[in-house]
Every structure is written in C-alpha cells, then in structure tokens.
$ cat final-v3.pdb   # PDB, C-alpha atoms
ATOM      1  CA  MET A 152    -134.588 -99.789  11.645
ATOM      2  CA  LYS A 153    -130.825 -99.916  11.200
ATOM      3  CA  PHE A 154    -130.839-103.580  12.160
ATOM      4  CA  ARG A 155    -133.554-104.374   9.592
ATOM      5  CA  THR A 156    -131.629-102.469   6.935
ATOM      6  CA  LEU A 157    -128.477-104.382   7.772
ATOM      7  CA  VAL A 158    -130.286-107.733   7.556
ATOM      8  CA  THR A 159    -131.875-106.792   4.226
ATOM      9  CA  SER A 160    -128.523-105.656   2.902
ATOM     10  CA  ALA A 161    -126.889-108.881   4.052
ATOM     11  CA  LEU A 162    -129.579-110.971   2.350
ATOM     12  CA  VAL A 163    -129.196-109.063  -0.907
ATOM     13  CA  THR A 164    -125.418-109.448  -0.752
ATOM     14  CA  ALA A 165    -125.723-113.167  -0.029
ATOM     15  CA  THR A 166    -128.121-113.575  -2.941
ATOM     16  CA  LEU A 167    -125.663-111.873  -5.265
ATOM     17  CA  ILE A 168    -122.669-113.816  -3.989
ATOM     18  CA  ALA A 169    -124.296-117.280  -3.839
ATOM     19  CA  PRO A 170    -124.310-117.894  -7.607
ATOM     20  CA  ALA A 171    -120.666-116.875  -7.784
ATOM     21  CA  LEU A 172    -119.790-119.343  -5.043
ATOM     22  CA  SER A 173    -121.586-122.238  -6.747
ATOM     23  CA  PHE A 174    -120.126-121.060 -10.052
ATOM     24  CA  ALA A 175    -116.631-121.543  -8.634
ATOM     25  CA  GLN A 176    -117.366-124.923  -7.112
ATOM     26  CA  THR A 177    -117.890-127.042 -10.238
ATOM     27  CA  LYS A 178    -115.172-129.575  -9.558
ATOM     28  CA  LEU A 179    -114.362-132.153 -12.227
ATOM     29  CA  LYS A 180    -112.226-135.304 -12.151
ATOM     30  CA  TRP A 181    -110.036-135.966 -15.200
ATOM     31  CA  ALA A 182    -108.551-139.488 -15.128
ATOM     32  CA  HIS A 183    -105.944-141.380 -17.138
ATOM     33  CA  VAL A 184    -103.490-144.270 -16.721
ATOM     34  CA  TYR A 185    -100.234-142.548 -17.740
ATOM     35  CA  GLU A 186     -97.267-141.388 -15.709
ATOM     36  CA  THR A 187     -96.905-137.812 -14.446
ATOM     37  CA  SER A 188     -93.780-137.407 -16.596
ATOM     38  CA  GLU A 189     -95.655-138.075 -19.844
ATOM     39  CA  PRO A 190     -97.132-135.347 -22.078
ATOM     40  CA  TYR A 191    -100.598-136.883 -21.751
ATOM     41  CA  HIS A 192    -100.492-135.837 -18.108
ATOM     42  CA  THR A 193     -98.569-132.566 -18.299
ATOM     43  CA  GLU A 194    -100.720-131.261 -21.139
ATOM     44  CA  SER A 195    -103.919-132.400 -19.408
ATOM     45  CA  VAL A 196    -102.834-130.399 -16.355
ATOM     46  CA  TRP A 197    -102.177-127.414 -18.635
ATOM     47  CA  ALA A 198    -105.614-127.818 -20.240
ATOM     48  CA  ALA A 199    -107.326-128.035 -16.861
ATOM     49  CA  ALA A 200    -105.739-124.755 -15.759
ATOM     50  CA  GLU A 201    -106.553-123.101 -19.095
ATOM     51  CA  ILE A 202    -110.214-124.149 -18.921
ATOM     52  CA  LYS A 203    -110.422-122.803 -15.382
ATOM     53  CA  LYS A 204    -108.952-119.491 -16.508
ATOM     54  CA  LEU A 205    -111.164-119.131 -19.582
ATOM     55  CA  THR A 206    -114.334-119.927 -17.615
ATOM     56  CA  ASN A 207    -113.440-117.468 -14.837
ATOM     57  CA  GLY A 208    -112.949-120.256 -12.334
ATOM     58  CA  LYS A 209    -116.242-122.032 -12.965
ATOM     59  CA  PHE A 210    -114.572-125.383 -13.701
ATOM     60  CA  ASP A 211    -111.963-126.587 -11.239
ATOM     61  CA  ILE A 212    -110.505-129.701 -12.879
ATOM     62  CA  GLN A 213    -108.185-132.066 -11.034
ATOM     63  CA  VAL A 214    -106.188-134.519 -13.134
ATOM     64  CA  PHE A 215    -105.691-138.007 -11.678
ATOM     65  CA  PRO A 216    -102.738-139.836 -13.336
ATOM     66  CA  ALA A 217    -101.290-143.354 -13.280
ATOM     67  CA  SER A 218    -104.523-145.360 -12.807
ATOM     68  CA  SER A 219    -105.193-143.601  -9.492
ATOM     69  CA  LEU A 220    -108.937-143.648 -10.227
ATOM     70  CA  GLY A 221    -108.908-147.103 -11.763
ATOM     71  CA  LYS A 222    -107.660-149.119 -14.711
ATOM     72  CA  GLU A 223    -108.457-148.002 -18.239
ATOM     73  CA  THR A 224    -111.610-150.113 -18.405
ATOM     74  CA  ASP A 225    -112.753-148.629 -15.083
ATOM     75  CA  ILE A 226    -112.319-144.995 -16.079
ATOM     76  CA  ASN A 227    -114.090-145.561 -19.395
ATOM     77  CA  GLN A 228    -117.030-147.064 -17.535
ATOM     78  CA  GLY A 229    -116.778-144.210 -15.038
ATOM     79  CA  LEU A 230    -117.865-141.700 -17.685
ATOM     80  CA  THR A 231    -121.256-143.386 -17.829
ATOM     81  CA  LEU A 232    -121.434-144.195 -14.121
ATOM     82  CA  GLY A 233    -120.567-140.621 -13.156
ATOM     83  CA  THR A 234    -117.484-141.533 -11.114
ATOM     84  CA  VAL A 235    -115.219-139.545 -13.461
ATOM     85  CA  ASP A 236    -115.969-136.487 -15.585
ATOM     86  CA  MET A 237    -113.215-136.503 -18.216
ATOM     87  CA  ILE A 238    -110.663-139.017 -19.429
ATOM     88  CA  ILE A 239    -107.902-139.383 -21.966
ATOM     89  CA  SER A 240    -107.913-142.947 -23.228
ATOM     90  CA  GLY A 241    -107.501-145.123 -26.291
ATOM     91  CA  PRO A 242    -110.636-145.201 -28.453
ATOM     92  CA  SER A 243    -110.328-148.990 -28.521
ATOM     93  CA  PHE A 244    -112.199-148.952 -25.212
ATOM     94  CA  ALA A 245    -114.947-146.773 -26.695
ATOM     95  CA  ALA A 246    -115.157-149.356 -29.480
ATOM     96  CA  ARG A 247    -116.618-151.823 -26.977
ATOM     97  CA  THR A 248    -119.866-149.896 -27.139
ATOM     98  CA  TYR A 249    -119.406-148.277 -30.569
ATOM     99  CA  PRO A 250    -117.325-150.743 -32.626
ATOM    100  CA  ARG A 251    -116.922-148.486 -35.668
ATOM    101  CA  VAL A 252    -114.378-146.233 -33.935
ATOM    102  CA  GLY A 253    -112.073-149.204 -33.315
ATOM    103  CA  ILE A 254    -110.980-149.356 -36.942
ATOM    104  CA  ALA A 255    -108.207-146.860 -36.145
ATOM    105  CA  TYR A 256    -106.435-149.777 -34.415
ATOM    106  CA  TYR A 257    -106.499-152.070 -37.387
ATOM    107  CA  PRO A 258    -102.808-152.920 -37.924
ATOM    108  CA  PHE A 259    -101.016-150.861 -40.578
ATOM    109  CA  ILE A 260    -104.065-148.677 -41.395
ATOM    110  CA  PHE A 261    -102.019-145.479 -40.883
ATOM    111  CA  ARG A 262     -98.858-144.672 -42.823
ATOM    112  CA  ASP A 263     -97.448-142.249 -40.244
ATOM    113  CA  ALA A 264     -98.357-139.624 -37.631
ATOM    114  CA  ALA A 265     -99.397-137.096 -40.279
ATOM    115  CA  HIS A 266    -101.852-139.614 -41.734
ATOM    116  CA  GLN A 267    -103.346-140.195 -38.289
ATOM    117  CA  GLU A 268    -103.687-136.441 -37.764
ATOM    118  CA  ALA A 269    -105.505-136.141 -41.098
ATOM    119  CA  TYR A 270    -107.881-138.857 -39.892
ATOM    120  CA  SER A 271    -108.555-136.968 -36.631
ATOM    121  CA  LYS A 272    -109.716-133.966 -38.694
ATOM    122  CA  SER A 273    -111.622-135.959 -41.300
ATOM    123  CA  ASP A 274    -115.319-136.324 -42.015
ATOM    124  CA  VAL A 275    -115.135-140.046 -41.313
ATOM    125  CA  PHE A 276    -113.855-139.440 -37.774
ATOM    126  CA  LYS A 277    -116.464-136.715 -37.204
ATOM    127  CA  GLU A 278    -119.144-139.225 -38.171
ATOM    128  CA  MET A 279    -117.744-141.614 -35.566
ATOM    129  CA  VAL A 280    -117.658-138.902 -32.882
ATOM    130  CA  ASP A 281    -121.297-138.052 -33.591
ATOM    131  CA  GLY A 282    -122.299-141.707 -33.636
ATOM    132  CA  TYR A 283    -120.547-142.421 -30.350
ATOM    133  CA  ARG A 284    -122.188-139.426 -28.670
ATOM    134  CA  ALA A 285    -125.609-140.440 -30.018
ATOM    135  CA  LYS A 286    -125.185-143.886 -28.476
ATOM    136  CA  THR A 287    -123.500-143.014 -25.170
ATOM    137  CA  GLY A 288    -123.810-139.276 -24.572
ATOM    138  CA  ILE A 289    -120.004-139.102 -24.287
ATOM    139  CA  GLN A 290    -118.285-136.371 -26.294
ATOM    140  CA  MET A 291    -114.880-136.940 -27.893
ATOM    141  CA  THR A 292    -113.137-133.586 -28.203
ATOM    142  CA  ALA A 293    -109.506-134.207 -29.176
ATOM    143  CA  TYR A 294    -107.175-136.853 -30.647
ATOM    144  CA  THR A 295    -103.591-137.187 -29.381
ATOM    145  CA  TYR A 296    -100.825-139.122 -31.100
ATOM    146  CA  TYR A 297     -99.694-141.924 -28.804
ATOM    147  CA  GLY A 298     -97.004-143.458 -30.953
ATOM    148  CA  ALA A 299     -96.139-146.384 -33.195
ATOM    149  CA  ARG A 300     -96.488-149.602 -31.228
ATOM    150  CA  HIS A 301     -93.440-151.883 -31.263
ATOM    151  CA  ALA A 302     -92.851-155.257 -29.634
ATOM    152  CA  THR A 303     -90.360-155.965 -26.849
ATOM    153  CA  SER A 304     -89.220-159.447 -25.901
ATOM    154  CA  ASN A 305     -86.322-161.353 -24.420
ATOM    155  CA  LYS A 306     -86.393-163.418 -27.621
ATOM    156  CA  PRO A 307     -85.666-161.379 -30.768
ATOM    157  CA  PHE A 308     -87.565-161.989 -34.007
ATOM    158  CA  THR A 309     -87.448-160.394 -37.444
ATOM    159  CA  ASP A 310     -90.614-161.649 -39.092
ATOM    160  CA  CYS A 311     -94.113-162.857 -38.357
ATOM    161  CA  ALA A 312     -93.080-166.502 -38.082
ATOM    162  CA  GLY A 313     -90.665-165.592 -35.283
ATOM    163  CA  MET A 314     -93.601-164.733 -33.018
ATOM    164  CA  LYS A 315     -95.072-168.232 -33.083
ATOM    165  CA  GLY A 316     -95.845-169.413 -29.541
ATOM    166  CA  LEU A 317     -94.741-166.120 -27.963
ATOM    167  CA  LYS A 318     -96.837-165.153 -24.941
ATOM    168  CA  ILE A 319     -97.303-161.409 -25.467
ATOM    169  CA  ARG A 320     -99.200-158.950 -23.317
ATOM    170  CA  VAL A 321    -101.775-156.850 -25.158
ATOM    171  CA  PRO A 322    -104.660-154.642 -23.978
ATOM    172  CA  ASP A 323    -107.931-156.485 -23.528
ATOM    173  CA  VAL A 324    -109.306-155.446 -26.923
ATOM    174  CA  PRO A 325    -109.684-157.809 -29.927
ATOM    175  CA  VAL A 326    -108.043-155.511 -32.468
ATOM    176  CA  TYR A 327    -104.814-155.401 -30.424
ATOM    177  CA  MET A 328    -104.742-159.193 -30.635
ATOM    178  CA  ALA A 329    -105.047-159.208 -34.434
ATOM    179  CA  MET A 330    -101.360-159.073 -35.321
ATOM    180  CA  PRO A 331    -100.095-161.492 -32.621
ATOM    181  CA  LYS A 332    -102.833-164.016 -33.427
ATOM    182  CA  ALA A 333    -102.161-163.747 -37.156
ATOM    183  CA  CYS A 334     -98.511-164.565 -36.436
ATOM    184  CA  GLY A 335     -99.271-167.546 -34.180
ATOM    185  CA  ALA A 336     -98.415-165.804 -30.897
ATOM    186  CA  ASN A 337    -100.446-166.118 -27.709
ATOM    187  CA  PRO A 338    -101.854-162.642 -26.893
ATOM    188  CA  THR A 339    -102.506-162.265 -23.165
ATOM    189  CA  PRO A 340    -104.523-159.316 -21.791
ATOM    190  CA  ILE A 341    -103.022-157.795 -18.639
ATOM    191  CA  ALA A 342    -103.890-154.433 -17.069
ATOM    192  CA  PHE A 343    -101.477-151.673 -18.061
ATOM    193  CA  ALA A 344    -100.412-150.982 -14.470
ATOM    194  CA  GLU A 345     -99.364-154.642 -14.048
ATOM    195  CA  VAL A 346     -97.283-155.101 -17.201
ATOM    196  CA  TYR A 347     -93.828-154.395 -15.726
ATOM    197  CA  LEU A 348     -94.261-157.019 -13.003
ATOM    198  CA  ALA A 349     -95.690-159.534 -15.486
ATOM    199  CA  LEU A 350     -92.605-159.131 -17.680
ATOM    200  CA  GLN A 351     -90.273-159.248 -14.701
ATOM    201  CA  ASN A 352     -91.678-162.475 -13.272
ATOM    202  CA  GLY A 353     -92.174-164.177 -16.638
ATOM    203  CA  THR A 354     -95.971-164.253 -16.645
ATOM    204  CA  VAL A 355     -95.587-163.105 -20.264
ATOM    205  CA  ASP A 356     -92.601-163.183 -22.618
ATOM    206  CA  ALA A 357     -93.254-159.943 -24.453
ATOM    207  CA  GLN A 358     -95.373-156.804 -24.760
ATOM    208  CA  GLU A 359     -96.045-154.094 -27.338
ATOM    209  CA  ASN A 360     -96.163-150.335 -26.858
ATOM    210  CA  PRO A 361     -94.719-147.140 -28.337
ATOM    211  CA  LEU A 362     -91.082-146.293 -27.597
ATOM    212  CA  THR A 363     -92.139-143.435 -25.337
ATOM    213  CA  THR A 364     -94.200-145.813 -23.186
ATOM    214  CA  ILE A 365     -91.408-148.385 -23.138
ATOM    215  CA  GLU A 366     -89.244-145.590 -21.738
ATOM    216  CA  ALA A 367     -91.781-144.138 -19.278
ATOM    217  CA  LYS A 368     -92.802-147.539 -17.889
ATOM    218  CA  LYS A 369     -89.161-148.738 -17.898
ATOM    219  CA  PHE A 370     -90.029-151.932 -19.792
ATOM    220  CA  TYR A 371     -86.492-151.836 -21.214
ATOM    221  CA  GLU A 372     -85.255-152.827 -17.746
ATOM    222  CA  VAL A 373     -86.924-156.244 -18.067
ATOM    223  CA  GLN A 374     -86.798-156.806 -21.857
ATOM    224  CA  LYS A 375     -83.612-157.144 -23.908
ATOM    225  CA  ASN A 376     -84.941-156.571 -27.430
ATOM    226  CA  ILE A 377     -87.153-153.990 -29.150
ATOM    227  CA  MET A 378     -88.569-155.092 -32.507
ATOM    228  CA  LEU A 379     -89.582-152.110 -34.659
ATOM    229  CA  THR A 380     -92.846-153.627 -35.876
ATOM    230  CA  GLY A 381     -94.788-150.329 -35.909
ATOM    231  CA  HIS A 382     -97.914-152.435 -36.359
ATOM    232  CA  ILE A 383    -100.359-149.915 -34.887
ATOM    233  CA  LEU A 384    -100.131-146.128 -34.826
ATOM    234  CA  ASP A 385    -101.909-145.563 -31.575
ATOM    235  CA  GLY A 386    -103.885-142.559 -30.431
ATOM    236  CA  LEU A 387    -105.714-141.286 -27.378
ATOM    237  CA  VAL A 388    -109.038-139.480 -27.306
ATOM    238  CA  THR A 389    -110.062-136.854 -24.779
ATOM    239  CA  GLN A 390    -113.629-137.613 -23.686
ATOM    240  CA  ILE A 391    -116.180-135.740 -21.600
ATOM    241  CA  ALA A 392    -118.923-137.496 -19.648
ATOM    242  CA  PRO A 393    -122.608-137.043 -20.578
ATOM    243  CA  HIS A 394    -123.472-135.539 -17.190
ATOM    244  CA  VAL A 395    -120.919-132.793 -17.859
ATOM    245  CA  TRP A 396    -121.233-132.217 -21.608
ATOM    246  CA  SER A 397    -125.045-131.981 -21.549
ATOM    247  CA  LYS A 398    -124.891-129.148 -19.006
ATOM    248  CA  LEU A 399    -122.285-127.020 -20.765
ATOM    249  CA  THR A 400    -123.353-123.919 -22.647
ATOM    250  CA  ASP A 401    -122.338-123.659 -26.303
ATOM    251  CA  ALA A 402    -119.596-121.218 -25.309
ATOM    252  CA  GLU A 403    -118.294-123.639 -22.660
ATOM    253  CA  LYS A 404    -118.368-126.548 -25.121
ATOM    254  CA  LYS A 405    -116.209-124.491 -27.467
ATOM    255  CA  ILE A 406    -113.730-123.716 -24.679
ATOM    256  CA  PHE A 407    -113.452-127.376 -23.653
ATOM    257  CA  THR A 408    -113.045-128.449 -27.288
ATOM    258  CA  ASP A 409    -110.545-125.770 -28.305
ATOM    259  CA  VAL A 410    -108.393-126.164 -25.196
ATOM    260  CA  THR A 411    -108.282-129.978 -25.245
ATOM    261  CA  ARG A 412    -107.410-129.895 -28.955
ATOM    262  CA  GLU A 413    -104.547-127.508 -28.294
ATOM    263  CA  ALA A 414    -103.351-129.750 -25.470
ATOM    264  CA  ALA A 415    -103.541-132.758 -27.814
ATOM    265  CA  SER A 416    -101.514-130.923 -30.459
ATOM    266  CA  ARG A 417     -98.870-129.942 -27.908
ATOM    267  CA  ALA A 418     -98.615-133.488 -26.527
ATOM    268  CA  SER A 419     -98.494-135.021 -30.008
ATOM    269  CA  ALA A 420     -95.573-132.799 -31.020
ATOM    270  CA  GLN A 421     -93.636-133.835 -27.913
ATOM    271  CA  ILE A 422     -94.301-137.543 -28.503
ATOM    272  CA  ILE A 423     -93.249-137.382 -32.159
ATOM    273  CA  LYS A 424     -90.039-135.573 -31.226
ATOM    274  CA  ARG A 425     -89.253-138.031 -28.445
ATOM    275  CA  GLU A 426     -89.899-141.044 -30.660
ATOM    276  CA  GLY A 427     -87.236-139.762 -33.014
ATOM    277  CA  GLU A 428     -84.669-139.655 -30.214
ATOM    278  CA  LEU A 429     -85.297-142.934 -28.451
ATOM    279  CA  VAL A 430     -83.820-145.550 -30.782
ATOM    280  CA  ALA A 431     -80.341-144.094 -30.278
ATOM    281  CA  GLU A 432     -80.897-143.744 -26.530
ATOM    282  CA  PHE A 433     -82.050-147.343 -26.137
ATOM    283  CA  LYS A 434     -79.008-148.526 -28.059
ATOM    284  CA  LYS A 435     -76.818-146.611 -25.604
ATOM    285  CA  LYS A 436     -78.519-148.513 -22.781
ATOM    286  CA  GLY A 437     -77.497-151.793 -24.416
ATOM    287  CA  ILE A 438     -80.941-152.674 -25.748
ATOM    288  CA  ASN A 439     -80.968-154.640 -29.008
ATOM    289  CA  ILE A 440     -82.977-152.715 -31.632
ATOM    290  CA  VAL A 441     -84.271-155.087 -34.304
ATOM    291  CA  SER A 442     -85.555-154.041 -37.724
ATOM    292  CA  VAL A 443     -88.268-156.382 -39.009
ATOM    293  CA  ASP A 444     -89.972-157.338 -42.246
ATOM    294  CA  ARG A 445     -93.163-155.303 -41.772
ATOM    295  CA  SER A 446     -94.638-156.538 -45.058
ATOM    296  CA  ALA A 447     -94.732-160.099 -43.694
ATOM    297  CA  PHE A 448     -96.665-158.934 -40.642
ATOM    298  CA  GLN A 449     -99.071-156.896 -42.758
ATOM    299  CA  ALA A 450     -99.746-159.783 -45.145
ATOM    300  CA  ALA A 451    -100.474-162.101 -42.214
ATOM    301  CA  VAL A 452    -102.944-159.614 -40.705
ATOM    302  CA  LEU A 453    -104.818-159.023 -43.957
ATOM    303  CA  LYS A 454    -105.178-162.777 -44.377
ATOM    304  CA  GLY A 455    -105.740-163.916 -40.796
ATOM    305  CA  ALA A 456    -107.559-160.947 -39.236
ATOM    306  CA  THR A 457    -109.786-159.526 -41.936
ATOM    307  CA  LEU A 458    -111.697-156.272 -41.448
ATOM    308  CA  GLU A 459    -114.984-158.140 -41.584
ATOM    309  CA  SER A 460    -113.920-160.654 -38.922
ATOM    310  CA  LEU A 461    -113.255-157.751 -36.547
ATOM    311  CA  GLY A 462    -116.573-156.072 -37.338
ATOM    312  CA  PHE A 463    -115.208-153.186 -39.398
ATOM    313  CA  ASP A 464    -116.548-151.636 -42.582
ATOM    314  CA  LYS A 465    -114.377-151.808 -45.718
ATOM    315  CA  LYS A 466    -115.793-148.410 -46.767
ATOM    316  CA  ASP A 467    -114.392-146.798 -43.605
ATOM    317  CA  PHE A 468    -111.047-148.510 -44.211
ATOM    318  CA  ASP A 469    -110.869-147.269 -47.801
ATOM    319  CA  ARG A 470    -111.803-143.697 -46.798
ATOM    320  CA  ILE A 471    -109.132-143.634 -44.094
ATOM    321  CA  VAL A 472    -106.393-145.169 -46.268
ATOM    322  CA  ALA A 473    -107.156-142.593 -48.983
ATOM    323  CA  LEU A 474    -106.659-139.603 -46.653
ATOM    324  CA  LYS A 475    -103.713-137.345 -47.507
TER     325      LYS A 475
END
$ encode --input "final-v3.pdb" --output "structure tokens"
Amino acid sequence: MKFRTLVTSALVTATLIAPALSFAQTKLKWAHVYETSEPYHTESVWAAAEIKKLTNGKFDIQVFPASSLGKETDINQGLTLGTVDMIISGPSFAARTYPRVGIAYYPFIFRDAAHQEAYSKSDVFKEMVDGYRAKTGIQMTAYTYYGARHATSNKPFTDCAGMKGLKIRVPDVPVYMAMPKACGANPTPIAFAEVYLALQNGTVDAQENPLTTIEAKKFYEVQKNIMLTGHILDGLVTQIAPHVWSKLTDAEKKIFTDVTREAASRASAQIIKREGELVAEFKKKGINIVSVDRSAFQAAVLKGATLESLGFDKKDFDRIVALK
C-alpha cells in the first residue's frame, strides 16, 4: 500500500513538474554580424537576460555575434528556414522580400538621428511592419540607430565626381549602390566579415560604413581617408521568426516588444554619443578626415537613382521627409 502511494505521489509530482521543465527549456538563437564590443551585441545580451527574467525563465536566449551563425543574408533567410529565432539586421535585407521597407536606405532621406527615430515611431513604418509580417510572418519589434554612413578610401575625394571609377565595397543591396553608381563609382558587394581583408589586399579601393563600424572593424588600419559623406543614416531592426512569434501569448509579445525597444533605445544612445567623439579620435590616429560637398552627391542621386527606378513610392518618401 505504501509503495502504491509512493508511486502515485511520484507520478503526480512528475506531472506537476513536467510543464515547468519544458517551460524552462524554450531555447532561442539570436544572431547578428556585429562585434561583441558593439552596443548591438551588448544590448542584445541585456535584452535576452531581461526577457528570461520577465518570463520566469521560459525563454533562454543565446546571442550569437560576429557572423557566427552565418552572413547577414544567411541569418535573414534563417528566420524563415527556422535555423535562427531572432536577429538584429538592416531592413535592407527584409526589403528583398518586401521592397517597401527599403526606402529608409534611400540616400539623404533622413536629416539626422532624431528624424530616423521619428520614422521608427511613425504610422508609415507601422504600415511597413504590418505588411512585412503579413507577407513573411516575421515580426519587426524595434529600430536601432546604426549611424551615418561615410566613405573610406586610400584616395581622398570631396565631391561626387571624385568617386568616378572607384571600386567601393557595398552590401549586396541595390539601394546601397545608388550613390556610388550615381557618382560613376564601381560598387562591389562583399560580405561584411570579409571587408577588412578585401581592403587590405586591394580587392576594393574603398568602403562605406558609420564611424562606429569603421572603428569596431578597424577599417582605419587599412584606409587613410574618411570622407564625411553621411549619405545614408542606417538603422537595424530586431526581428522575430514566424515559428516563435506565432506561438507567443499576447503578454509574451508585449515583453519581447517592450524589452527589444528598450535595448534599441539604449544602443542608439551609445552609438550617437560615440559618433560625436570619433572624428577627433581618428584625427589623433593620423587619419585624414575630409569634409565633402553633400549637395553634389544628393543631386546626383536624385537624378541618377530615382525613387521609381529603385521601386519606391513617392508618397512614402514624402511622408517620411515631412516627419518632425
């Protein structure tokens, strides 16, 4: 009798404990291509821990930095394939399947970081988030400031004409090629993880990225000049895979959204602060900082890479430009 009671008690206990065990074993992979020193990583790690805490351990999220789960194209595809669960990545990659969201990369569309932040909270961006989810099942939860993209090269230039014939590395996305093409350069897509070596061995003459990335990836070691073109104010979007988002409760969706937005805000503040410090620091390292005629670049883009030619809607452009 005692034995039967013990067995029954053990079964009841196991039944009660089993859900808790499975509850604690929901492991998620969060991938990105940035270095562990960068705020995109440190704040993602913070967000992962915060989500775990707020869900009582249900979601155990491991963050995989520096292309350790694949290049940016790979991790974007991984959301649909189920090989990754969350990513932080440029929306230009999402634009391959939902072109409308790519307009944020149209050169000179944003005045400054505050303008980009206003866009991230706007109705037009919400429409894009909803449209992207309707098409792919992927949920965009937060928008992080990545920085103003500037060109580096061993050959300095001050205007659009100075880029003619320059072989410049850009991401493999048409809108990134808009400004170089409009200026007669030769844009060359190379994976982010391979850019330093490509610059070092002369595969390309130049590249373009925010100052914080130029610092983190040490591009200044293999490039003598930084041209302050500021042609694109870049951003990153935190995205959650369909196989994860569709299974979250409304309360869990709110936790994931609120936490990733706070992480994005924290990272953005750090990037903006660091951008303001880096020009002086690069000068101390002996790097030539070149001011350029941005109006010449902008005029060339508007003429040679029209919104319509890139598949964008003038109404979206006008709504974004008008944001305060």
$ closest_residue --input "final-v3.pdb" --among "A:Gly208, A:Pro242, A:Gly221, A:Pro331" --to "A:Ser271" --atoms "all atoms listed in the file"
A:Pro242
$ residues_around --input "final-v3.pdb" --residues "A:Lys475" --least-positions-apart "2" --cutoff "9 Å" --atoms "all atoms listed in the file" --output "PDB file with C-alpha atoms, in the frame of the given file"
ATOM      1  CA  ALA A 265     -99.397-137.096 -40.279  1.00  0.00           C
ATOM      2  CA  HIS A 266    -101.852-139.614 -41.734  1.00  0.00           C
ATOM      3  CA  ALA A 269    -105.505-136.141 -41.098  1.00  0.00           C
ATOM      4  CA  TYR A 270    -107.881-138.857 -39.892  1.00  0.00           C
ATOM      5  CA  ILE A 471    -109.132-143.634 -44.094  1.00  0.00           C
ATOM      6  CA  VAL A 472    -106.393-145.169 -46.268  1.00  0.00           C
ATOM      7  CA  ALA A 473    -107.156-142.593 -48.983  1.00  0.00           C
TER       8      ALA A 473
END
$ residues_around --input "final-v3.pdb" --residues "A:Pro258" --least-positions-apart "2" --cutoff "7 Å" --atoms "only C-alpha atoms" --output "ChimeraX atom specification"
/A:256,260,330,382-383
$ resolve_selection --input "final-v3.pdb" --expression "the PyMOL selection byres ((chain A and resi 316) around 10)" --output "VMD selection string"
chain A and resid 312 to 315 317 to 319 331 to 332 334 to 338 356
$ closest_residue --input "final-v3.pdb" --among "A:Glu223, A:Asp310, A:Asp236, A:Asp467" --to "A:Asp274" --atoms "only C-alpha atoms"
A:Asp467
$ residues_around --input "final-v3.pdb" --residues "A:Phe370" --least-positions-apart "3" --cutoff "9 Å" --atoms "all atoms listed in the file" --output "ChimeraX atom specification"
/A:303,346-347,350-351,358,364-367,373-374
$ write_last_selection --input "final-v3.pdb" --atoms "C-alpha atoms" --output "PDB file, in the frame of the given file"
ATOM      1  CA  THR A 303     -90.360-155.965 -26.849  1.00  0.00           C
ATOM      2  CA  VAL A 346     -97.283-155.101 -17.201  1.00  0.00           C
ATOM      3  CA  TYR A 347     -93.828-154.395 -15.726  1.00  0.00           C
ATOM      4  CA  LEU A 350     -92.605-159.131 -17.680  1.00  0.00           C
ATOM      5  CA  GLN A 351     -90.273-159.248 -14.701  1.00  0.00           C
ATOM      6  CA  GLN A 358     -95.373-156.804 -24.760  1.00  0.00           C
ATOM      7  CA  THR A 364     -94.200-145.813 -23.186  1.00  0.00           C
ATOM      8  CA  ILE A 365     -91.408-148.385 -23.138  1.00  0.00           C
ATOM      9  CA  GLU A 366     -89.244-145.590 -21.738  1.00  0.00           C
ATOM     10  CA  ALA A 367     -91.781-144.138 -19.278  1.00  0.00           C
ATOM     11  CA  VAL A 373     -86.924-156.244 -18.067  1.00  0.00           C
ATOM     12  CA  GLN A 374     -86.798-156.806 -21.857  1.00  0.00           C
TER      13      GLN A 374
END
$ resolve_selection --input "final-v3.pdb" --expression "the PyMOL selection byres ((chain A and resi 398-408) around 8)" --output "ChimeraX atom specification"
/A:202,205-206,292-293,394-397,409-412
$ atom_distance --input "final-v3.pdb" --atom1 "atom CA of A:Arg445" --atom2 "atom CA of A:Arg300"
12.4 Å
$ atom_distance --input "final-v3.pdb" --atom1 "atom CA of A:Glu372" --atom2 "atom CA of A:Ala342"
18.7 Å
